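Undergrad: Input structure: upload.cif, which contains mmCIF, C-alpha atoms (C1' of nucleotides).
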```
data_run
#
loop_
_atom_site.label_atom_id
_atom_site.label_comp_id
_atom_site.auth_asym_id
_atom_site.auth_seq_id
_atom_site.Cartn_x
_atom_site.Cartn_y
_atom_site.Cartn_z
CA MET Y 1 -26.41 4.03 13.70
CA GLN Y 2 -25.98 1.59 10.82
CA ILE Y 3 -28.55 2.68 8.26
CA GLN Y 4 -28.34 2.30 4.50
CA ILE Y 5 -30.53 4.32 2.16
CA GLU Y 6 -30.90 3.38 -1.48
CA PRO Y 7 -31.82 6.58 -3.30
CA THR Y 8 -32.86 4.72 -6.46
CA SER Y 9 -35.23 2.33 -4.68
CA GLU Y 10 -38.94 2.51 -5.48
CA ILE Y 11 -39.49 2.57 -1.71
CA PRO Y 12 -39.63 6.18 -0.45
CA ILE Y 13 -36.59 7.25 1.56
CA TYR Y 14 -38.68 8.05 4.64
CA THR Y 15 -40.17 4.54 4.53
CA GLN Y 16 -36.75 2.92 4.16
CA LEU Y 17 -35.57 4.91 7.14
CA ALA Y 18 -38.64 4.14 9.28
CA ASN Y 19 -38.34 0.43 8.47
CA GLN Y 20 -34.66 0.28 9.38
CA LEU Y 21 -35.28 2.11 12.64
CA ILE Y 22 -38.03 -0.40 13.47
CA GLU Y 23 -35.61 -3.22 12.72
CA LEU Y 24 -32.96 -1.70 15.00
CA ILE Y 25 -35.55 -1.47 17.77
CA ALA Y 26 -36.70 -5.04 17.14
CA LYS Y 27 -33.09 -6.22 17.45
CA SER Y 28 -32.69 -4.18 20.65
CA GLU Y 29 -29.86 -2.25 19.03
CA LEU Y 30 -32.02 0.73 19.87
CA GLN Y 31 -33.35 0.20 23.36
CA PRO Y 32 -36.34 1.74 25.12
CA HIS Y 33 -35.77 5.37 26.19
CA ALA Y 34 -32.78 5.64 23.87
CA ALA Y 35 -32.61 9.01 22.16
CA LEU Y 36 -32.71 9.03 18.38
CA PRO Y 37 -30.31 11.32 16.52
CA SER Y 38 -31.61 14.79 15.80
CA VAL Y 39 -33.32 15.14 12.46
CA ARG Y 40 -30.55 17.46 11.30
CA SER Y 41 -27.63 15.23 12.25
CA LEU Y 42 -29.20 12.03 10.89
CA ALA Y 43 -30.13 13.82 7.69
CA ALA Y 44 -26.53 14.96 7.33
CA ASP Y 45 -25.24 11.44 8.00
CA LEU Y 46 -27.54 9.90 5.41
CA GLY Y 47 -27.17 12.69 2.87
CA VAL Y 48 -30.88 13.43 2.78
CA ASN Y 49 -33.04 16.35 3.75
CA MET Y 50 -34.04 17.18 7.30
CA HIS Y 51 -37.72 17.01 6.39
CA THR Y 52 -37.35 13.48 5.08
CA VAL Y 53 -35.97 12.29 8.42
CA ASN Y 54 -38.66 14.27 10.22
CA LYS Y 55 -41.30 12.50 8.17
CA ALA Y 56 -39.89 9.10 9.12
CA TYR Y 57 -39.85 10.04 12.80
CA HIS Y 58 -43.46 11.15 12.70
CA GLU Y 59 -44.50 7.96 10.97
CA LEU Y 60 -42.95 6.01 13.86
CA HIS Y 61 -44.61 8.37 16.31
CA HIS Y 62 -47.97 7.81 14.65
CA LYS Y 63 -47.46 4.06 15.04
CA GLY Y 64 -46.68 4.56 18.73
CA ILE Y 65 -43.12 3.27 18.38
CA ILE Y 66 -41.29 6.44 19.40
CA SER Y 67 -42.16 9.64 21.20
CA VAL Y 68 -41.34 12.97 19.62
CA ILE Y 69 -40.83 15.63 22.27
CA PRO Y 70 -41.25 19.10 20.78
CA LYS Y 71 -38.07 21.16 20.63
CA SER Y 72 -36.17 18.38 22.33
CA GLY Y 73 -35.88 15.16 20.40
CA ALA Y 74 -37.22 11.68 19.84
CA VAL Y 75 -36.90 8.66 22.11
CA VAL Y 76 -37.75 5.00 21.70
CA ASN Y 77 -40.87 3.90 23.53
CA PRO Y 78 -40.84 0.84 25.78
CA LEU Y 79 -42.15 -2.27 24.07
CA PRO Y 80 -45.75 -2.78 25.22
CA GLU Y 81 -46.26 -5.93 27.26
CA LYS Y 82 -49.44 -6.59 25.33
CA SER Y 83 -49.92 -5.62 21.72
CA SER Y 84 -52.78 -3.22 21.13
CA GLU Y 85 -55.71 -4.16 18.96
CA ALA Y 86 -54.85 -1.31 16.59
CA ALA Y 87 -51.32 -2.62 16.20
CA ARG Y 88 -52.48 -6.16 15.50
CA GLN Y 89 -54.95 -4.82 12.97
CA ARG Y 90 -52.19 -2.93 11.19
CA VAL Y 91 -50.05 -6.05 10.99
CA CYS Y 92 -53.02 -8.09 9.82
CA ASP Y 93 -53.91 -5.63 7.07
CA THR Y 94 -50.41 -5.79 5.64
CA LEU Y 95 -49.99 -9.51 6.14
CA HIS Y 96 -53.29 -10.42 4.49
CA PRO Y 97 -52.38 -9.57 0.87
CA LEU Y 98 -48.85 -10.84 1.37
CA ILE Y 99 -50.08 -14.27 2.46
CA ALA Y 100 -52.31 -14.41 -0.60
CA GLU Y 101 -49.37 -13.55 -2.83
CA ALA Y 102 -47.18 -16.22 -1.23
CA LEU Y 103 -49.87 -18.86 -1.78
CA VAL Y 104 -50.29 -17.84 -5.41
CA TYR Y 105 -46.53 -18.18 -5.83
CA GLY Y 106 -46.97 -21.82 -4.86
CA MET Y 107 -45.56 -21.54 -1.36
CA THR Y 108 -46.97 -24.08 1.08
CA ARG Y 109 -48.30 -23.35 4.54
CA ASP Y 110 -45.14 -24.80 6.05
CA GLU Y 111 -42.88 -22.78 3.78
CA ILE Y 112 -44.62 -19.57 4.75
CA LEU Y 113 -44.66 -20.33 8.46
CA SER Y 114 -41.04 -21.40 8.58
CA LEU Y 115 -40.01 -18.29 6.65
CA ALA Y 116 -41.86 -16.19 9.20
CA SER Y 117 -40.33 -18.18 12.03
CA SER Y 118 -36.80 -17.71 10.76
CA LEU Y 119 -37.36 -13.97 10.27
CA ILE Y 120 -38.61 -13.72 13.85
CA SER Y 121 -35.49 -15.55 15.04
CA GLU Y 122 -33.33 -13.13 13.11
CA PHE Y 123 -34.61 -10.34 15.33
CA THR Y 124 -34.94 -12.11 18.64
CA GLU Y 125 -31.77 -14.18 18.64
CA GLU Y 126 -29.16 -11.66 17.61
CA MET D 1 -66.11 -10.42 -9.82
CA GLN D 2 -66.51 -9.13 -6.26
CA ILE D 3 -64.00 -6.30 -6.00
CA GLN D 4 -64.26 -3.22 -3.85
CA ILE D 5 -62.14 -0.14 -4.50
CA GLU D 6 -61.80 2.58 -1.90
CA PRO D 7 -60.98 5.77 -3.80
CA THR D 8 -59.93 7.62 -0.65
CA SER D 9 -57.47 4.96 0.51
CA GLU D 10 -53.79 5.84 0.67
CA ILE D 11 -53.19 2.61 -1.25
CA PRO D 12 -53.15 3.29 -5.01
CA ILE D 13 -56.19 1.97 -6.88
CA TYR D 14 -54.08 -0.27 -9.12
CA THR D 15 -52.48 -1.83 -6.04
CA GLN D 16 -55.85 -2.39 -4.38
CA LEU D 17 -57.05 -4.07 -7.54
CA ALA D 18 -53.95 -6.21 -7.96
CA ASN D 19 -54.14 -7.32 -4.33
CA GLN D 20 -57.79 -8.28 -4.57
CA LEU D 21 -57.20 -10.23 -7.76
CA ILE D 22 -54.37 -12.09 -6.03
CA GLU D 23 -56.71 -12.89 -3.15
CA LEU D 24 -59.36 -14.21 -5.54
CA ILE D 25 -56.76 -16.45 -7.13
CA ALA D 26 -55.52 -17.61 -3.73
CA LYS D 27 -59.08 -18.54 -2.79
CA SER D 28 -59.49 -20.36 -6.13
CA GLU D 29 -62.39 -18.10 -6.99
CA LEU D 30 -60.30 -17.30 -10.02
CA GLN D 31 -58.91 -20.58 -11.28
CA PRO D 32 -55.94 -21.30 -13.55
CA HIS D 33 -56.60 -20.50 -17.22
CA ALA D 34 -59.64 -18.42 -16.27
CA ALA D 35 -59.92 -15.28 -18.39
CA LEU D 36 -59.88 -11.98 -16.58
CA PRO D 37 -62.36 -9.31 -17.64
CA SER D 38 -61.17 -6.96 -20.34
CA VAL D 39 -59.52 -3.82 -19.03
CA ARG D 40 -62.37 -1.76 -20.44
CA SER D 41 -65.20 -3.76 -18.91
CA LEU D 42 -63.58 -4.06 -15.48
CA ALA D 43 -62.74 -0.36 -15.51
CA ALA D 44 -66.38 0.41 -16.26
CA ASP D 45 -67.56 -1.92 -13.48
CA LEU D 46 -65.25 -0.34 -10.92
CA GLY D 47 -65.73 3.22 -12.12
CA VAL D 48 -62.06 3.75 -12.78
CA ASN D 49 -59.98 4.40 -15.85
CA MET D 50 -58.97 1.71 -18.31
CA HIS D 51 -55.29 2.53 -17.81
CA THR D 52 -55.57 1.96 -14.09
CA VAL D 53 -56.84 -1.59 -14.63
CA ASN D 54 -54.19 -2.13 -17.27
CA LYS D 55 -51.52 -1.11 -14.77
CA ALA D 56 -52.83 -3.62 -12.24
CA TYR D 57 -52.84 -6.40 -14.84
CA HIS D 58 -49.27 -5.66 -15.83
CA GLU D 59 -48.17 -5.69 -12.22
CA LEU D 60 -49.62 -9.20 -11.90
CA HIS D 61 -47.99 -10.15 -15.18
CA HIS D 62 -44.65 -8.88 -13.93
CA LYS D 63 -45.05 -11.05 -10.85
CA GLY D 64 -45.78 -14.06 -13.05
CA ILE D 65 -49.31 -14.49 -11.72
CA ILE D 66 -51.21 -13.88 -14.94
CA SER D 67 -50.41 -13.88 -18.64
CA VAL D 68 -51.33 -10.91 -20.77
CA ILE D 69 -51.87 -11.97 -24.37
CA PRO D 70 -51.55 -8.98 -26.69
CA LYS D 71 -54.77 -7.93 -28.38
CA SER D 72 -56.58 -10.81 -26.75
CA GLY D 73 -56.83 -10.70 -22.98
CA ALA D 74 -55.41 -11.85 -19.68
CA VAL D 75 -55.62 -15.30 -18.13
CA VAL D 76 -54.67 -16.69 -14.74
CA ASN D 77 -51.49 -18.74 -14.73
CA PRO D 78 -51.42 -22.20 -13.14
CA LEU D 79 -50.03 -22.16 -9.62
CA PRO D 80 -46.41 -23.31 -9.79
CA GLU D 81 -45.78 -26.62 -8.04
CA LYS D 82 -42.64 -25.18 -6.57
CA SER D 83 -42.23 -21.52 -5.67
CA SER D 84 -39.44 -19.76 -7.53
CA GLU D 85 -36.52 -18.27 -5.70
CA ALA D 86 -37.49 -14.82 -6.99
CA ALA D 87 -41.00 -15.22 -5.62
CA ARG D 88 -39.75 -16.33 -2.21
CA GLN D 89 -37.35 -13.38 -2.17
CA ARG D 90 -40.19 -10.96 -2.91
CA VAL D 91 -42.25 -12.37 -0.06
CA CYS D 92 -39.25 -12.29 2.26
CA ASP D 93 -38.46 -8.66 1.43
CA THR D 94 -41.98 -7.58 2.33
CA LEU D 95 -42.29 -9.84 5.34
CA HIS D 96 -39.00 -8.76 6.88
CA PRO D 97 -39.97 -5.22 7.94
CA LEU D 98 -43.48 -6.36 8.86
CA ILE D 99 -42.14 -8.97 11.30
CA ALA D 100 -39.94 -6.31 12.88
CA GLU D 101 -42.94 -4.03 13.27
CA ALA D 102 -45.04 -6.77 14.84
CA LEU D 103 -42.29 -7.50 17.36
CA VAL D 104 -41.95 -3.84 18.24
CA TYR D 105 -45.71 -3.74 18.81
CA GLY D 106 -45.15 -6.34 21.49
CA MET D 107 -46.52 -9.31 19.57
CA THR D 108 -44.99 -12.63 20.56
CA ARG D 109 -43.63 -15.26 18.22
CA ASP D 110 -46.73 -17.37 18.78
CA GLU D 111 -49.09 -14.46 18.18
CA ILE D 112 -47.41 -13.69 14.87
CA LEU D 113 -47.29 -17.30 13.73
CA SER D 114 -50.89 -18.02 14.64
CA LEU D 115 -52.03 -14.84 12.90
CA ALA D 116 -50.17 -15.99 9.79
CA SER D 117 -51.62 -19.47 10.15
CA SER D 118 -55.18 -18.23 10.42
CA LEU D 119 -54.73 -15.97 7.41
CA ILE D 120 -53.44 -18.92 5.42
CA SER D 121 -56.48 -20.95 6.48
CA GLU D 122 -58.73 -18.14 5.33
CA PHE D 123 -57.49 -18.67 1.79
CA THR D 124 -57.05 -22.43 1.71
CA GLU D 125 -60.19 -23.50 3.57
CA GLU D 126 -62.89 -21.42 1.92
"C1'" DT O 1 -25.74 33.12 26.55
"C1'" DT O 2 -25.01 30.24 22.90
"C1'" DT O 3 -26.16 26.22 20.59
"C1'" DT O 4 -29.27 22.78 19.37
"C1'" DT O 5 -33.83 21.26 19.02
"C1'" DG O 6 -38.29 20.35 16.59
"C1'" DT O 7 -41.69 23.23 14.24
"C1'" DT O 8 -43.55 25.90 10.73
"C1'" DA O 9 -43.87 28.24 6.38
"C1'" DC O 10 -43.06 29.00 1.53
"C1'" DA O 11 -41.12 27.44 -2.61
"C1'" DA O 12 -39.32 24.53 -6.16
"C1'" DT O 13 -38.55 20.19 -8.59
"C1'" DA O 14 -39.41 15.48 -9.69
"C1'" DT O 15 -42.03 11.47 -9.73
"C1'" DA O 16 -46.32 8.81 -9.27
"C1'" DT O 17 -51.16 8.38 -9.80
"C1'" DT O 18 -55.33 8.92 -12.28
"C1'" DT O 19 -58.11 10.39 -15.81
"C1'" DA O 20 -59.29 11.48 -20.75
"C1'" DG O 21 -59.38 11.00 -25.72
"C1'" DA O 22 -57.89 9.06 -29.73
"C1'" DA O 23 -55.95 5.94 -33.01
"C1'" DC O 24 -54.03 1.39 -34.36
"C1'" DA O 25 -53.67 -3.43 -35.47
"C1'" DG O 26 -54.52 -8.06 -34.11
"C1'" DA O 27 -58.04 -11.32 -32.17
"C1'" DA O 28 -62.62 -12.95 -31.70
"C1'" DT O 29 -67.25 -13.32 -33.34
"C1'" DG O 30 -71.02 -13.35 -36.32
"C1'" DC A 1 -65.64 -11.12 -44.72
"C1'" DA A 2 -67.29 -7.42 -41.75
"C1'" DT A 3 -68.02 -6.02 -37.22
"C1'" DT A 4 -66.83 -5.80 -32.67
"C1'" DC A 5 -63.65 -6.30 -29.02
"C1'" DT A 6 -59.04 -6.56 -27.51
"C1'" DG A 7 -54.64 -4.71 -25.59
"C1'" DT A 8 -51.29 -1.17 -27.11
"C1'" DT A 9 -49.60 3.26 -27.77
"C1'" DC A 10 -49.57 8.21 -27.72
"C1'" DT A 11 -50.45 12.82 -26.05
"C1'" DA A 12 -52.30 15.49 -22.58
"C1'" DA A 13 -53.74 17.12 -18.26
"C1'" DA A 14 -54.76 17.27 -13.31
"C1'" DT A 15 -53.71 15.86 -8.85
"C1'" DA A 16 -50.99 13.90 -5.22
"C1'" DT A 17 -46.70 12.45 -3.23
"C1'" DA A 18 -41.81 12.76 -2.38
"C1'" DT A 19 -37.70 15.36 -1.86
"C1'" DT A 20 -34.98 19.20 -1.37
"C1'" DG A 21 -33.87 24.06 -0.02
"C1'" DT A 22 -34.02 28.14 2.77
"C1'" DA A 23 -35.51 30.65 6.49
"C1'" DA A 24 -37.32 31.96 10.77
"C1'" DC A 25 -39.18 30.89 15.41
"C1'" DA A 26 -39.46 29.52 20.20
"C1'" DA A 27 -38.32 26.14 23.54
"C1'" DA A 28 -34.84 22.97 25.37
"C1'" DA A 29 -30.11 21.96 26.34
"C1'" DA A 30 -25.38 23.07 26.97
#
```
Write out the structure in this file as structure tokens.
TA:
Amino acid sequence: MQIQIEPTSEIPIYTQLANQLIELIAKSELQPHAALPSVRSLAADLGVNMHTVNKAYHELHHKGIISVIPKSGAVVNPLPEKSSEAARQRVCDTLHPLIAEALVYGMTRDEILSLASSLISEFTEE
Amino acid sequence: MQIQIEPTSEIPIYTQLANQLIELIAKSELQPHAALPSVRSLAADLGVNMHTVNKAYHELHHKGIISVIPKSGAVVNPLPEKSSEAARQRVCDTLHPLIAEALVYGMTRDEILSLASSLISEFTEE
DNA sequence: TTTTTGTTACAATATATTTAGAACAGAATG
DNA sequence: CATTCTGTTCTAAATATATTGTAACAAAAA
């Protein structure tokens, strides 16, 4: 489980962890039905508190990306064949201000779209 | 200045404000060299504290989007003809985990790219 | 049966967010 | 020139969030 936490980052540790787990799933390095490490063992590996890992897991659970089975553990959910409306809305809400920022930075439509395209390739072609 | 703040949002007020100002600039409703309202007047309009508006302005200043002239006021910077490497990096850093999330939600490459494209149009064609 | 698991509870610390009040000096306005 | 407005700075306080620690519990797994 190749995960790097930067304790001095302005991004909360639980968010860093949730993001990196999402990226591992997107790259299929964590496949559907795969069991995630226990909150205690992953916390020990990363040098953070159990509750911090637990918080990351529950954020992923809330987004429907993993299932947390009480007293047992967490497993990766299968990728839905069709994205839910709620999921698309979540992506849209985050993407909206980011697109505005990119435009204000002087990025062109093509620059933005090819950046997005290359980031997608990074996950789907590795 | 059509800005709506949601006090109960999990997104900090100063971030909501900064994002909406960026969107106004992206839509050219706030044009280059336009003066932003004083921190006191905008704070009064929005029903928030002066320091909260000040924090939003300085975040935009830090991103190079506006200039804050001491003891005078804030003005919108001209859109750069060419996006800086730092700006592109900032967009990339935010876009990277979002793309991963969209893929894990089951969104296809085309769904993601056409969502991005339509969001770009929303700013450039209105 | 023993170990491991997530869960829950209480507590403590640190940081971030938001508000408030006041004072200051430079800029803008009349 | 005098007044008003401006962002800046400072202190202060309240609230929320983030992180860690310890402990105990009951269910699952070994």
Undergrad: For the PyMOL selection byres ((chain Y) within 8 of (chain D)), applied here, can you spell out every residue it catches as a VMD selection string?
TA: chain Y and resid 19 to 20 22 to 23 25 to 26 65 79 to 84 87 to 88 91 to 92 94 to 107 109 113 115 to 117 119 to 120 123
Undergrad: Counting all atoms listed in the file, which residues from chain D have an atom at most 8 Å from any atom of chain O, and could you show them as a list of chain:residue names?
TA: D:Pro12, D:Asn49, D:Thr52, D:Lys71, D:Ser72
Undergrad: Chain Y residues within 12 Å of chain A, counting all atoms listed in the file: which ones, as a PyMOL selection string?
TA: chain Y and resi 7+10-15+43+47-53+55+69-73
Undergrad: What does the distance between atom CA of Y:Pro37 and atom CA of Y:Met1 come to in Å, to one decimal place?
TA: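 Between atom CA of Y:Pro37 and atom CA of Y:Met1 the gap is 8.7 Å.
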Undergrad: How many Å separate atom CA of Y:Ser41 from atom CA of Y:Glu29?
TA: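 Separation of atom CA of Y:Ser41 and atom CA of Y:Glu29: 18.9 Å.
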Undergrad: Using Å and a single decimal, report how far atom CA of Y:Leu30 sits from atom CA of Y:Val76.
TA: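 Between atom CA of Y:Val76 and atom CA of Y:Leu30 the gap works out to 7.4 Å.
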Undergrad: If the box runs along x, y and z of the file and leaves 4 Å on each side of stretch 76-80 of chain D, what are its centre and edge lengths in Å, one decimal, as lines of an AutoDock Vina configuration file?
TA:
```
center_x = -50.5
center_y = -20.0
center_z = -12.2
size_x = 16.3
size_y = 14.6
size_z = 13.1
```
Undergrad: Which is closest to Y:Ile66 among Y:Val39, Y:Ala44, Y:Ile5, Y:Ala34, if we use only C-alpha atoms?
TA: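 Among the listed residues, Y:Ala34 lies closest to Y:Ile66.
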